[in-house]
>>> print(open('final-v4.pdb').read())   # PDB, N, CA and C atoms
ATOM      1  N   MET A 153     119.650  35.462   9.879
ATOM      2  CA  MET A 153     120.858  36.012  10.442
ATOM      3  C   MET A 153     121.908  36.252   9.367
ATOM      4  N   PHE A 154     121.937  35.411   8.360
ATOM      5  CA  PHE A 154     122.916  35.550   7.287
ATOM      6  C   PHE A 154     122.279  36.034   5.998
ATOM      7  N   GLY A 155     121.079  36.607   6.093
ATOM      8  CA  GLY A 155     120.399  37.152   4.933
ATOM      9  C   GLY A 155     119.691  36.116   4.083
ATOM     10  N   VAL A 156     119.552  34.917   4.596
ATOM     11  CA  VAL A 156     118.888  33.842   3.858
ATOM     12  C   VAL A 156     117.452  33.724   4.377
ATOM     13  N   PRO A 157     116.466  33.806   3.499
ATOM     14  CA  PRO A 157     115.078  33.679   3.954
ATOM     15  C   PRO A 157     114.838  32.307   4.598
ATOM     16  N   VAL A 158     114.036  32.311   5.653
ATOM     17  CA  VAL A 158     113.750  31.076   6.377
ATOM     18  C   VAL A 158     112.249  30.876   6.448
ATOM     19  N   ASP A 159     111.829  29.686   6.166
ATOM     20  CA  ASP A 159     110.432  29.297   6.290
ATOM     21  C   ASP A 159     110.183  29.014   7.779
ATOM     22  N   GLU A 160     109.331  29.819   8.412
ATOM     23  CA  GLU A 160     109.091  29.690   9.851
ATOM     24  C   GLU A 160     108.561  28.316  10.229
ATOM     25  N   ALA A 161     107.636  27.796   9.449
ATOM     26  CA  ALA A 161     107.085  26.473   9.750
ATOM     27  C   ALA A 161     108.181  25.405   9.683
ATOM     28  N   LYS A 162     109.063  25.525   8.712
ATOM     29  CA  LYS A 162     110.170  24.569   8.573
ATOM     30  C   LYS A 162     111.155  24.712   9.728
ATOM     31  N   ALA A 163     111.417  25.944  10.160
ATOM     32  CA  ALA A 163     112.321  26.168  11.296
ATOM     33  C   ALA A 163     111.764  25.495  12.552
ATOM     34  N   LYS A 164     110.486  25.626  12.773
ATOM     35  CA  LYS A 164     109.853  24.993  13.935
ATOM     36  C   LYS A 164     109.904  23.474  13.823
ATOM     37  N   GLU A 165     109.627  22.978  12.628
ATOM     38  CA  GLU A 165     109.677  21.536  12.385
ATOM     39  C   GLU A 165     111.095  20.996  12.613
ATOM     40  N   ASP A 166     112.083  21.698  12.096
ATOM     41  CA  ASP A 166     113.478  21.269  12.254
ATOM     42  C   ASP A 166     113.918  21.313  13.712
ATOM     43  N   PHE A 167     113.485  22.342  14.437
ATOM     44  CA  PHE A 167     113.852  22.434  15.843
ATOM     45  C   PHE A 167     113.203  21.307  16.639
ATOM     46  N   LYS A 168     111.968  20.992  16.327
ATOM     47  CA  LYS A 168     111.286  19.871  17.001
ATOM     48  C   LYS A 168     112.055  18.580  16.761
ATOM     49  N   LYS A 169     112.544  18.389  15.546
ATOM     50  CA  LYS A 169     113.321  17.192  15.233
ATOM     51  C   LYS A 169     114.631  17.183  16.026
ATOM     52  N   LEU A 170     115.272  18.340  16.146
ATOM     53  CA  LEU A 170     116.479  18.429  16.982
ATOM     54  C   LEU A 170     116.165  17.965  18.400
ATOM     55  N   CYS A 171     115.082  18.488  18.958
ATOM     56  CA  CYS A 171     114.716  18.176  20.343
ATOM     57  C   CYS A 171     114.281  16.726  20.526
ATOM     58  N   ASP A 172     113.527  16.220  19.582
ATOM     59  CA  ASP A 172     112.959  14.872  19.718
ATOM     60  C   ASP A 172     113.915  13.758  19.299
ATOM     61  N   GLU A 173     114.783  14.036  18.332
ATOM     62  CA  GLU A 173     115.643  12.983  17.789
ATOM     63  C   GLU A 173     117.129  13.214  18.017
ATOM     64  N   HIS A 174     117.626  14.372  17.620
ATOM     65  CA  HIS A 174     119.069  14.589  17.608
ATOM     66  C   HIS A 174     119.666  14.884  18.984
ATOM     67  N   PHE A 175     119.009  15.712  19.775
ATOM     68  CA  PHE A 175     119.543  15.995  21.101
ATOM     69  C   PHE A 175     119.579  14.736  21.972
ATOM     70  N   PRO A 176     118.547  13.886  21.948
ATOM     71  CA  PRO A 176     118.648  12.651  22.733
ATOM     72  C   PRO A 176     119.814  11.752  22.277
ATOM     73  N   ILE A 177     120.075  11.700  20.983
ATOM     74  CA  ILE A 177     121.216  10.911  20.499
ATOM     75  C   ILE A 177     122.520  11.516  21.002
ATOM     76  N   LEU A 178     122.627  12.833  20.921
ATOM     77  CA  LEU A 178     123.826  13.503  21.412
ATOM     78  C   LEU A 178     124.034  13.187  22.889
ATOM     79  N   LEU A 179     122.991  13.356  23.689
ATOM     80  CA  LEU A 179     123.113  13.175  25.129
ATOM     81  C   LEU A 179     123.233  11.713  25.546
ATOM     82  N   ASP A 180     122.445  10.841  24.938
ATOM     83  CA  ASP A 180     122.362   9.456  25.402
ATOM     84  C   ASP A 180     123.318   8.495  24.701
ATOM     85  N   THR A 181     123.953   8.953  23.628
ATOM     86  CA  THR A 181     124.902   8.100  22.914
ATOM     87  C   THR A 181     126.292   8.730  22.928
ATOM     88  N   PHE A 182     126.441   9.862  22.261
ATOM     89  CA  PHE A 182     127.763  10.481  22.136
ATOM     90  C   PHE A 182     128.320  10.960  23.475
ATOM     91  N   LEU A 183     127.455  11.470  24.328
ATOM     92  CA  LEU A 183     127.913  12.029  25.601
ATOM     93  C   LEU A 183     127.638  11.123  26.798
ATOM     94  N   LYS A 184     127.136   9.944  26.543
ATOM     95  CA  LYS A 184     126.805   9.036  27.644
ATOM     96  C   LYS A 184     128.067   8.736  28.449
ATOM     97  N   ASN A 185     128.049   9.122  29.702
ATOM     98  CA  ASN A 185     129.169   8.904  30.630
ATOM     99  C   ASN A 185     130.455   9.612  30.206
ATOM    100  N   ASN A 186     130.342  10.621  29.331
ATOM    101  CA  ASN A 186     131.517  11.352  28.852
ATOM    102  C   ASN A 186     131.245  12.852  28.862
ATOM    103  N   LYS A 187     132.309  13.630  28.980
ATOM    104  CA  LYS A 187     132.187  15.083  28.904
ATOM    105  C   LYS A 187     132.079  15.569  27.464
ATOM    106  N   PHE A 188     132.699  14.813  26.547
ATOM    107  CA  PHE A 188     132.741  15.188  25.134
ATOM    108  C   PHE A 188     132.299  13.983  24.309
ATOM    109  N   CYS A 189     132.222  14.130  23.002
ATOM    110  CA  CYS A 189     131.754  13.041  22.136
ATOM    111  C   CYS A 189     132.639  11.805  22.306
ATOM    112  N   TYR A 190     132.085  10.782  22.913
ATOM    113  CA  TYR A 190     132.727   9.487  23.143
ATOM    114  C   TYR A 190     133.999   9.534  23.969
ATOM    115  N   SER A 191     134.244  10.619  24.697
ATOM    116  CA  SER A 191     135.510  10.760  25.402
ATOM    117  C   SER A 191     135.402  11.824  26.483
ATOM    118  N   ASP A 192     136.366  11.814  27.379
ATOM    119  CA  ASP A 192     136.463  12.906  28.337
ATOM    120  C   ASP A 192     137.492  13.928  27.877
ATOM    121  N   THR A 193     138.008  13.722  26.678
ATOM    122  CA  THR A 193     138.966  14.639  26.064
ATOM    123  C   THR A 193     138.314  15.244  24.831
ATOM    124  N   PRO A 194     138.317  16.561  24.698
ATOM    125  CA  PRO A 194     137.701  17.180  23.519
ATOM    126  C   PRO A 194     138.502  16.876  22.257
ATOM    127  N   THR A 195     137.765  16.684  21.157
ATOM    128  CA  THR A 195     138.389  16.390  19.866
ATOM    129  C   THR A 195     137.759  17.265  18.782
ATOM    130  N   ILE A 196     138.254  17.086  17.596
ATOM    131  CA  ILE A 196     137.703  17.818  16.458
ATOM    132  C   ILE A 196     136.224  17.477  16.245
ATOM    133  N   ALA A 197     135.806  16.299  16.674
ATOM    134  CA  ALA A 197     134.389  15.930  16.558
ATOM    135  C   ALA A 197     133.520  16.924  17.331
ATOM    136  N   ASP A 198     133.989  17.324  18.495
ATOM    137  CA  ASP A 198     133.234  18.287  19.298
ATOM    138  C   ASP A 198     133.176  19.651  18.618
ATOM    139  N   LEU A 199     134.248  20.004  17.914
ATOM    140  CA  LEU A 199     134.251  21.266  17.173
ATOM    141  C   LEU A 199     133.303  21.223  15.977
ATOM    142  N   GLY A 200     132.958  20.043  15.540
ATOM    143  CA  GLY A 200     132.001  19.899  14.451
ATOM    144  C   GLY A 200     130.559  19.986  14.926
ATOM    145  N   VAL A 201     130.346  19.889  16.240
ATOM    146  CA  VAL A 201     128.992  19.891  16.794
ATOM    147  C   VAL A 201     128.705  21.155  17.599
ATOM    148  N   ALA A 202     129.462  21.373  18.631
ATOM    149  CA  ALA A 202     129.121  22.407  19.627
ATOM    150  C   ALA A 202     129.066  23.839  19.092
ATOM    151  N   PRO A 203     130.053  24.312  18.336
ATOM    152  CA  PRO A 203     129.962  25.705  17.890
ATOM    153  C   PRO A 203     128.715  25.992  17.050
ATOM    154  N   LEU A 204     128.275  25.007  16.286
ATOM    155  CA  LEU A 204     127.077  25.223  15.466
ATOM    156  C   LEU A 204     125.817  25.395  16.306
ATOM    157  N   LEU A 205     125.828  24.844  17.514
ATOM    158  CA  LEU A 205     124.683  25.033  18.401
ATOM    159  C   LEU A 205     124.469  26.505  18.716
ATOM    160  N   THR A 206     125.528  27.289  18.645
ATOM    161  CA  THR A 206     125.448  28.723  18.905
ATOM    162  C   THR A 206     124.438  29.393  17.990
ATOM    163  N   LEU A 207     124.273  28.894  16.790
ATOM    164  CA  LEU A 207     123.348  29.515  15.832
ATOM    165  C   LEU A 207     121.910  29.510  16.334
ATOM    166  N   ILE A 208     121.578  28.557  17.191
ATOM    167  CA  ILE A 208     120.220  28.507  17.743
ATOM    168  C   ILE A 208     119.941  29.750  18.584
ATOM    169  N   LYS A 209     120.980  30.361  19.113
ATOM    170  CA  LYS A 209     120.803  31.564  19.932
ATOM    171  C   LYS A 209     120.216  32.720  19.135
ATOM    172  N   GLY A 210     120.217  32.629  17.820
ATOM    173  CA  GLY A 210     119.587  33.637  16.979
ATOM    174  C   GLY A 210     118.086  33.677  17.173
ATOM    175  N   ARG A 211     117.556  32.664  17.797
ATOM    176  CA  ARG A 211     116.141  32.587  18.167
ATOM    177  C   ARG A 211     116.106  32.276  19.664
ATOM    178  N   PRO A 212     116.144  33.297  20.498
ATOM    179  CA  PRO A 212     116.257  33.083  21.945
ATOM    180  C   PRO A 212     115.211  32.147  22.547
ATOM    181  N   LYS A 213     114.009  32.174  22.015
ATOM    182  CA  LYS A 213     112.964  31.298  22.559
ATOM    183  C   LYS A 213     113.231  29.837  22.198
ATOM    184  N   PHE A 214     113.900  29.613  21.079
ATOM    185  CA  PHE A 214     114.317  28.255  20.728
ATOM    186  C   PHE A 214     115.434  27.834  21.689
ATOM    187  N   TRP A 215     116.435  28.726  21.857
ATOM    188  CA  TRP A 215     117.576  28.410  22.731
ATOM    189  C   TRP A 215     117.101  28.075  24.147
ATOM    190  N   ALA A 216     116.073  28.768  24.613
ATOM    191  CA  ALA A 216     115.535  28.514  25.950
ATOM    192  C   ALA A 216     115.014  27.084  26.077
ATOM    193  N   LYS A 217     114.618  26.490  24.969
ATOM    194  CA  LYS A 217     114.059  25.124  24.976
ATOM    195  C   LYS A 217     115.122  24.047  24.749
ATOM    196  N   VAL A 218     116.355  24.450  24.492
ATOM    197  CA  VAL A 218     117.431  23.469  24.313
ATOM    198  C   VAL A 218     117.690  22.810  25.669
ATOM    199  N   PRO A 219     117.784  21.487  25.709
ATOM    200  CA  PRO A 219     118.020  20.805  26.988
ATOM    201  C   PRO A 219     119.292  21.305  27.677
ATOM    202  N   GLU A 220     119.237  21.391  29.004
ATOM    203  CA  GLU A 220     120.374  21.877  29.785
ATOM    204  C   GLU A 220     121.641  21.065  29.511
ATOM    205  N   GLY A 221     121.510  19.764  29.336
ATOM    206  CA  GLY A 221     122.680  18.940  29.056
ATOM    207  C   GLY A 221     123.378  19.340  27.765
ATOM    208  N   VAL A 222     122.612  19.739  26.783
ATOM    209  CA  VAL A 222     123.175  20.194  25.510
ATOM    210  C   VAL A 222     123.859  21.546  25.707
ATOM    211  N   LYS A 223     123.213  22.437  26.466
ATOM    212  CA  LYS A 223     123.816  23.748  26.739
ATOM    213  C   LYS A 223     125.125  23.592  27.524
ATOM    214  N   GLU A 224     125.135  22.671  28.478
ATOM    215  CA  GLU A 224     126.350  22.436  29.271
ATOM    216  C   GLU A 224     127.468  21.884  28.395
ATOM    217  N   TYR A 225     127.118  20.967  27.508
ATOM    218  CA  TYR A 225     128.104  20.422  26.565
ATOM    219  C   TYR A 225     128.658  21.538  25.684
ATOM    220  N   HIS A 226     127.784  22.355  25.154
ATOM    221  CA  HIS A 226     128.169  23.489  24.309
ATOM    222  C   HIS A 226     129.211  24.344  25.031
ATOM    223  N   GLU A 227     128.929  24.684  26.270
ATOM    224  CA  GLU A 227     129.838  25.532  27.043
ATOM    225  C   GLU A 227     131.162  24.814  27.335
ATOM    226  N   ARG A 228     131.106  23.524  27.661
ATOM    227  CA  ARG A 228     132.342  22.759  27.920
ATOM    228  C   ARG A 228     133.258  22.774  26.711
ATOM    229  N   VAL A 229     132.687  22.573  25.538
ATOM    230  CA  VAL A 229     133.502  22.538  24.317
ATOM    231  C   VAL A 229     134.129  23.907  24.065
ATOM    232  N   LEU A 230     133.345  24.952  24.167
ATOM    233  CA  LEU A 230     133.887  26.284  23.914
ATOM    234  C   LEU A 230     135.018  26.598  24.899
ATOM    235  N   GLN A 231     134.866  26.186  26.137
ATOM    236  CA  GLN A 231     135.910  26.428  27.134
ATOM    237  C   GLN A 231     137.142  25.553  26.895
ATOM    238  N   ALA A 232     136.962  24.410  26.264
ATOM    239  CA  ALA A 232     138.077  23.476  26.031
ATOM    240  C   ALA A 232     139.021  23.944  24.923
ATOM    241  N   PHE A 233     138.596  24.925  24.140
ATOM    242  CA  PHE A 233     139.411  25.427  23.035
ATOM    243  C   PHE A 233     139.618  26.936  23.182
ATOM    244  N   PRO A 234     140.361  27.351  24.210
ATOM    245  CA  PRO A 234     140.519  28.790  24.458
ATOM    246  C   PRO A 234     141.198  29.531  23.310
ATOM    247  N   GLU A 235     141.976  28.840  22.516
ATOM    248  CA  GLU A 235     142.648  29.500  21.392
ATOM    249  C   GLU A 235     141.657  29.952  20.314
ATOM    250  N   ALA A 236     140.461  29.436  20.352
ATOM    251  CA  ALA A 236     139.441  29.827  19.375
ATOM    252  C   ALA A 236     138.386  30.741  19.996
ATOM    253  N   ASP A 237     138.628  31.182  21.202
ATOM    254  CA  ASP A 237     137.636  31.966  21.939
ATOM    255  C   ASP A 237     137.143  33.194  21.174
ATOM    256  N   GLU A 238     138.032  33.914  20.520
ATOM    257  CA  GLU A 238     137.590  35.118  19.806
ATOM    258  C   GLU A 238     136.606  34.767  18.692
ATOM    259  N   TYR A 239     136.773  33.621  18.070
ATOM    260  CA  TYR A 239     135.862  33.204  16.999
ATOM    261  C   TYR A 239     134.529  32.736  17.570
ATOM    262  N   PHE A 240     134.599  32.020  18.696
ATOM    263  CA  PHE A 240     133.362  31.604  19.359
ATOM    264  C   PHE A 240     132.556  32.826  19.802
ATOM    265  N   LYS A 241     133.239  33.813  20.359
ATOM    266  CA  LYS A 241     132.560  35.032  20.807
ATOM    267  C   LYS A 241     131.975  35.800  19.632
ATOM    268  N   MET A 242     132.686  35.820  18.512
ATOM    269  CA  MET A 242     132.182  36.510  17.328
ATOM    270  C   MET A 242     130.892  35.840  16.845
ATOM    271  N   LEU A 243     130.877  34.522  16.792
ATOM    272  CA  LEU A 243     129.687  33.794  16.364
ATOM    273  C   LEU A 243     128.544  34.020  17.351
ATOM    274  N   ASP A 244     128.843  33.968  18.631
ATOM    275  CA  ASP A 244     127.827  34.189  19.657
ATOM    276  C   ASP A 244     127.240  35.589  19.525
ATOM    277  N   SER A 245     128.099  36.585  19.299
ATOM    278  CA  SER A 245     127.628  37.963  19.141
ATOM    279  C   SER A 245     126.715  38.107  17.935
ATOM    280  N   MET A 246     127.079  37.459  16.846
ATOM    281  CA  MET A 246     126.239  37.514  15.648
ATOM    282  C   MET A 246     124.866  36.911  15.934
ATOM    283  N   ALA A 247     124.855  35.784  16.618
ATOM    284  CA  ALA A 247     123.593  35.091  16.894
ATOM    285  C   ALA A 247     122.731  35.876  17.878
ATOM    286  N   THR A 248     123.319  36.312  18.969
ATOM    287  CA  THR A 248     122.520  36.979  20.000
ATOM    288  C   THR A 248     122.108  38.398  19.610
ATOM    289  N   ALA A 249     122.818  39.003  18.684
ATOM    290  CA  ALA A 249     122.473  40.359  18.249
ATOM    291  C   ALA A 249     121.408  40.363  17.153
ATOM    292  N   TYR A 250     121.120  39.203  16.592
ATOM    293  CA  TYR A 250     120.148  39.149  15.500
ATOM    294  C   TYR A 250     118.764  39.558  15.993
ATOM    295  N   LYS A 251     118.159  40.511  15.302
ATOM    296  CA  LYS A 251     116.820  41.004  15.660
ATOM    297  C   LYS A 251     115.871  40.959  14.470
ATOM    298  N   GLY A 252     116.282  40.291  13.409
ATOM    299  CA  GLY A 252     115.486  40.256  12.188
ATOM    300  C   GLY A 252     114.323  39.286  12.252
ATOM    301  N   GLU A 253     113.804  39.018  11.086
ATOM    302  CA  GLU A 253     112.644  38.156  10.945
ATOM    303  C   GLU A 253     112.847  36.811  11.622
ATOM    304  N   GLY A 254     111.903  36.421  12.450
ATOM    305  CA  GLY A 254     111.951  35.133  13.106
ATOM    306  C   GLY A 254     112.709  35.108  14.420
ATOM    307  N   ALA A 255     113.403  36.191  14.750
ATOM    308  CA  ALA A 255     114.205  36.190  15.974
ATOM    309  C   ALA A 255     113.358  35.957  17.229
ATOM    310  N   ASP A 256     112.135  36.445  17.218
ATOM    311  CA  ASP A 256     111.290  36.291  18.403
ATOM    312  C   ASP A 256     110.257  35.177  18.238
ATOM    313  N   ALA A 257     110.474  34.305  17.270
ATOM    314  CA  ALA A 257     109.539  33.210  17.009
ATOM    315  C   ALA A 257     109.538  32.203  18.152
ATOM    316  N   GLU A 258     108.405  31.613  18.376
ATOM    317  CA  GLU A 258     108.254  30.526  19.339
ATOM    318  C   GLU A 258     108.584  29.209  18.647
ATOM    319  N   PRO A 259     109.197  28.295  19.372
ATOM    320  CA  PRO A 259     109.485  26.977  18.753
ATOM    321  C   PRO A 259     108.227  26.162  18.531
TER     322      PRO A 259
END
>>> encode(input="final-v4.pdb", output="structure tokens")
Amino acid sequence: MFGVPVDEAKAKEDFKKLCDEHFPILLDTFLKNNKFCYSDTPTIADLGVAPLLTLIKGRPKFWAKVPEGVKEYHERVLQAFPEADEYFKMLDSMATAYKGEGADAEP
């Protein structure tokens, strides 16, 4: 998406690690009983996590495999910072418009 070559096998391996290790930590630790990271109030910590999840949309088949709880968190954070909406939309457009190498890869 940004003109950087990507090793497909590594992308799949990294996504598997996200699904098997990192997403469960996000959901079961940081978001346990909370709308945002350790809180029901959004903080800069959420801005360090959620917007970057948008990059996964550059591979729609990967995004389809992201757990619903993670997708819901992503959307909650983006909605919690309306003053940054134009930047979130710009990033989303870049990710979803990507049609280059690996865009249609399976996770």
>>> closest_residue(input="final-v4.pdb", among="A:Lys217, A:Arg211, A:His226, A:His174", to="Ala247 (chain A)", atoms="all atoms listed in the file")
A:Arg211
>>> atom_distance(input="final-v4.pdb", atom1="CA of Asp180 (chain A)", atom2="CA of Asp237 (chain A)")
27.4 Å
>>> closest_residue(input="final-v4.pdb", among="A:Asn186, A:Asp256, A:Ile177, A:Lys251", to="Gly155 (chain A)", atoms="only C-alpha atoms")
A:Lys251
>>> closest_residue(input="final-v4.pdb", among="A:Arg228, A:Lys241, A:Lys209, A:Lys162", to="Thr195 (chain A)", atoms="only C-alpha atoms")
A:Arg228
>>> residues_around(input="final-v4.pdb", residues="Pro259 (chain A)", least_positions_apart="2", cutoff="6.5 Å", atoms="all atoms listed in the file", output="mmCIF file with N, CA and C atoms, keeping the file's coordinate frame")
data_model
loop_
_atom_site.group_PDB
_atom_site.id
_atom_site.type_symbol
_atom_site.label_atom_id
_atom_site.label_comp_id
_atom_site.auth_asym_id
_atom_site.auth_seq_id
_atom_site.Cartn_x
_atom_site.Cartn_y
_atom_site.Cartn_z
ATOM 1 N N LYS A 164 110.486 25.626 12.773
ATOM 2 C CA LYS A 164 109.853 24.993 13.935
ATOM 3 C C LYS A 164 109.904 23.474 13.823
ATOM 4 N N LYS A 213 114.009 32.174 22.015
ATOM 5 C CA LYS A 213 112.964 31.298 22.559
ATOM 6 C C LYS A 213 113.231 29.837 22.198
ATOM 7 N N PHE A 214 113.900 29.613 21.079
ATOM 8 C CA PHE A 214 114.317 28.255 20.728
ATOM 9 C C PHE A 214 115.434 27.834 21.689
ATOM 10 N N ALA A 257 110.474 34.305 17.270
ATOM 11 C CA ALA A 257 109.539 33.210 17.009
ATOM 12 C C ALA A 257 109.538 32.203 18.152
#
>>> residues_around(input="final-v4.pdb", residues="Gly221 (chain A)", least_positions_apart="4", cutoff="8 Å", atoms="only N, CA and C atoms", output="PyMOL selection string")
chain A and resi 178-179+225-227
>>> atom_distance(input="final-v4.pdb", atom1="atom N of Pro234 (chain A)", atom2="CA of Ala216 (chain A)")
24.9 Å
>>> closest_residue(input="final-v4.pdb", among="A:Phe154, A:Thr181, A:Pro176, A:Glu238", to="Glu220 (chain A)", atoms="only C-alpha atoms")
A:Pro176
>>> atom_distance(input="final-v4.pdb", atom1="CA of Trp215 (chain A)", atom2="CA of Ile196 (chain A)")
23.6 Å
>>> closest_residue(input="final-v4.pdb", among="A:Leu230, A:Cys171, A:Glu235, A:Phe240", to="Val218 (chain A)", atoms="only N, CA and C atoms")
A:Cys171
>>> residues_around(input="final-v4.pdb", residues="Thr248 (chain A)", least_positions_apart="5", cutoff="8 Å", atoms="all atoms listed in the file", output="PyMOL selection string")
chain A and resi 206-212+242-243
>>> residues_around(input="final-v4.pdb", residues="Ala197 (chain A)", least_positions_apart="3", cutoff="12 Å", atoms="only C-alpha atoms", output="PyMOL selection string")
chain A and resi 178+182-183+188-191+193-194+200-204+229
>>> write_last_selection(input="final-v4.pdb", atoms="N, CA and C atoms", output="CSV table (one decimal), in the frame of the given file")
chain,number,residue,atom,x,y,z
A,178,LEU,N,122.6,12.8,20.9
A,178,LEU,CA,123.8,13.5,21.4
A,178,LEU,C,124.0,13.2,22.9
A,182,PHE,N,126.4,9.9,22.3
A,182,PHE,CA,127.8,10.5,22.1
A,182,PHE,C,128.3,11.0,23.5
A,183,LEU,N,127.5,11.5,24.3
A,183,LEU,CA,127.9,12.0,25.6
A,183,LEU,C,127.6,11.1,26.8
A,188,PHE,N,132.7,14.8,26.5
A,188,PHE,CA,132.7,15.2,25.1
A,188,PHE,C,132.3,14.0,24.3
A,189,CYS,N,132.2,14.1,23.0
A,189,CYS,CA,131.8,13.0,22.1
A,189,CYS,C,132.6,11.8,22.3
A,190,TYR,N,132.1,10.8,22.9
A,190,TYR,CA,132.7,9.5,23.1
A,190,TYR,C,134.0,9.5,24.0
A,191,SER,N,134.2,10.6,24.7
A,191,SER,CA,135.5,10.8,25.4
A,191,SER,C,135.4,11.8,26.5
A,193,THR,N,138.0,13.7,26.7
A,193,THR,CA,139.0,14.6,26.1
A,193,THR,C,138.3,15.2,24.8
A,194,PRO,N,138.3,16.6,24.7
A,194,PRO,CA,137.7,17.2,23.5
A,194,PRO,C,138.5,16.9,22.3
A,200,GLY,N,133.0,20.0,15.5
A,200,GLY,CA,132.0,19.9,14.5
A,200,GLY,C,130.6,20.0,14.9
A,201,VAL,N,130.3,19.9,16.2
A,201,VAL,CA,129.0,19.9,16.8
A,201,VAL,C,128.7,21.2,17.6
A,202,ALA,N,129.5,21.4,18.6
A,202,ALA,CA,129.1,22.4,19.6
A,202,ALA,C,129.1,23.8,19.1
A,203,PRO,N,130.1,24.3,18.3
A,203,PRO,CA,130.0,25.7,17.9
A,203,PRO,C,128.7,26.0,17.0
A,204,LEU,N,128.3,25.0,16.3
A,204,LEU,CA,127.1,25.2,15.5
A,204,LEU,C,125.8,25.4,16.3
A,229,VAL,N,132.7,22.6,25.5
A,229,VAL,CA,133.5,22.5,24.3
A,229,VAL,C,134.1,23.9,24.1
>>> axis_aligned_box(input="final-v4.pdb", around="region 198-211 of chain A", padding_each_side="3 Å", output="AutoDock Vina command-line options")
--center_x 125.2 --center_y 25.5 --center_z 17.2 --size_x 24.1 --size_y 22.4 --size_z 11.5
>>> select_by_dssp(input="final-v4.pdb", residues="chain A", states="helix (DSSP H, G or I)", output="JSON, numbers by chain")
{"A": [160, 161, 162, 163, 164, 165, 166, 167, 168, 169, 170, 171, 172, 173, 174, 175, 176, 177, 178, 179, 180, 181, 182, 196, 197, 198, 199, 200, 201, 202, 203, 204, 205, 206, 207, 208, 209, 210, 212, 213, 214, 215, 216, 220, 221, 222, 223, 224, 225, 226, 227, 228, 229, 230, 231, 232, 234, 235, 236, 237, 238, 239, 240, 241, 242, 243, 244, 245, 246, 247, 248, 249]}
>>> decode(input="final-v4.pdb", residues="region 180-206 of chain A", atoms="C-alpha atoms", output="JSON list (two decimals), in the first residue's frame")
[["chain", "number", "residue", "atom", "x", "y", "z"],
["A", 180, "ASP", "CA", -9.48, -10.15, 27.17],
["A", 181, "THR", "CA", -7.13, -7.77, 28.98],
["A", 182, "PHE", "CA", -7.22, -4.19, 27.69],
["A", 183, "LEU", "CA", -10.91, -4.21, 26.80],
["A", 184, "LYS", "CA", -12.16, -6.61, 29.45],
["A", 185, "ASN", "CA", -15.34, -5.03, 30.83],
["A", 186, "ASN", "CA", -14.41, -1.72, 29.16],
["A", 187, "LYS", "CA", -15.28, 0.11, 25.95],
["A", 188, "PHE", "CA", -11.71, 1.38, 25.53],
["A", 189, "CYS", "CA", -8.25, 0.34, 26.74],
["A", 190, "TYR", "CA", -8.65, -0.12, 30.51],
["A", 191, "SER", "CA", -11.46, 2.44, 30.64],
["A", 192, "ASP", "CA", -14.86, 3.46, 29.41],
["A", 193, "THR", "CA", -13.32, 6.78, 28.38],
["A", 194, "PRO", "CA", -11.19, 6.93, 25.22],
["A", 195, "THR", "CA", -7.57, 8.01, 25.68],
["A", 196, "ILE", "CA", -4.46, 8.49, 23.64],
["A", 197, "ALA", "CA", -3.75, 4.79, 24.22],
["A", 198, "ASP", "CA", -6.72, 3.97, 22.02],
["A", 199, "LEU", "CA", -5.38, 6.29, 19.33],
["A", 200, "GLY", "CA", -2.17, 4.28, 19.41],
["A", 201, "VAL", "CA", -4.05, 1.04, 18.68],
["A", 202, "ALA", "CA", -7.32, 1.44, 16.80],
["A", 203, "PRO", "CA", -6.39, 3.63, 13.80],
["A", 204, "LEU", "CA", -3.56, 1.27, 12.88],
["A", 205, "LEU", "CA", -6.06, -1.57, 12.62],
["A", 206, "THR", "CA", -7.38, 0.24, 9.55]]
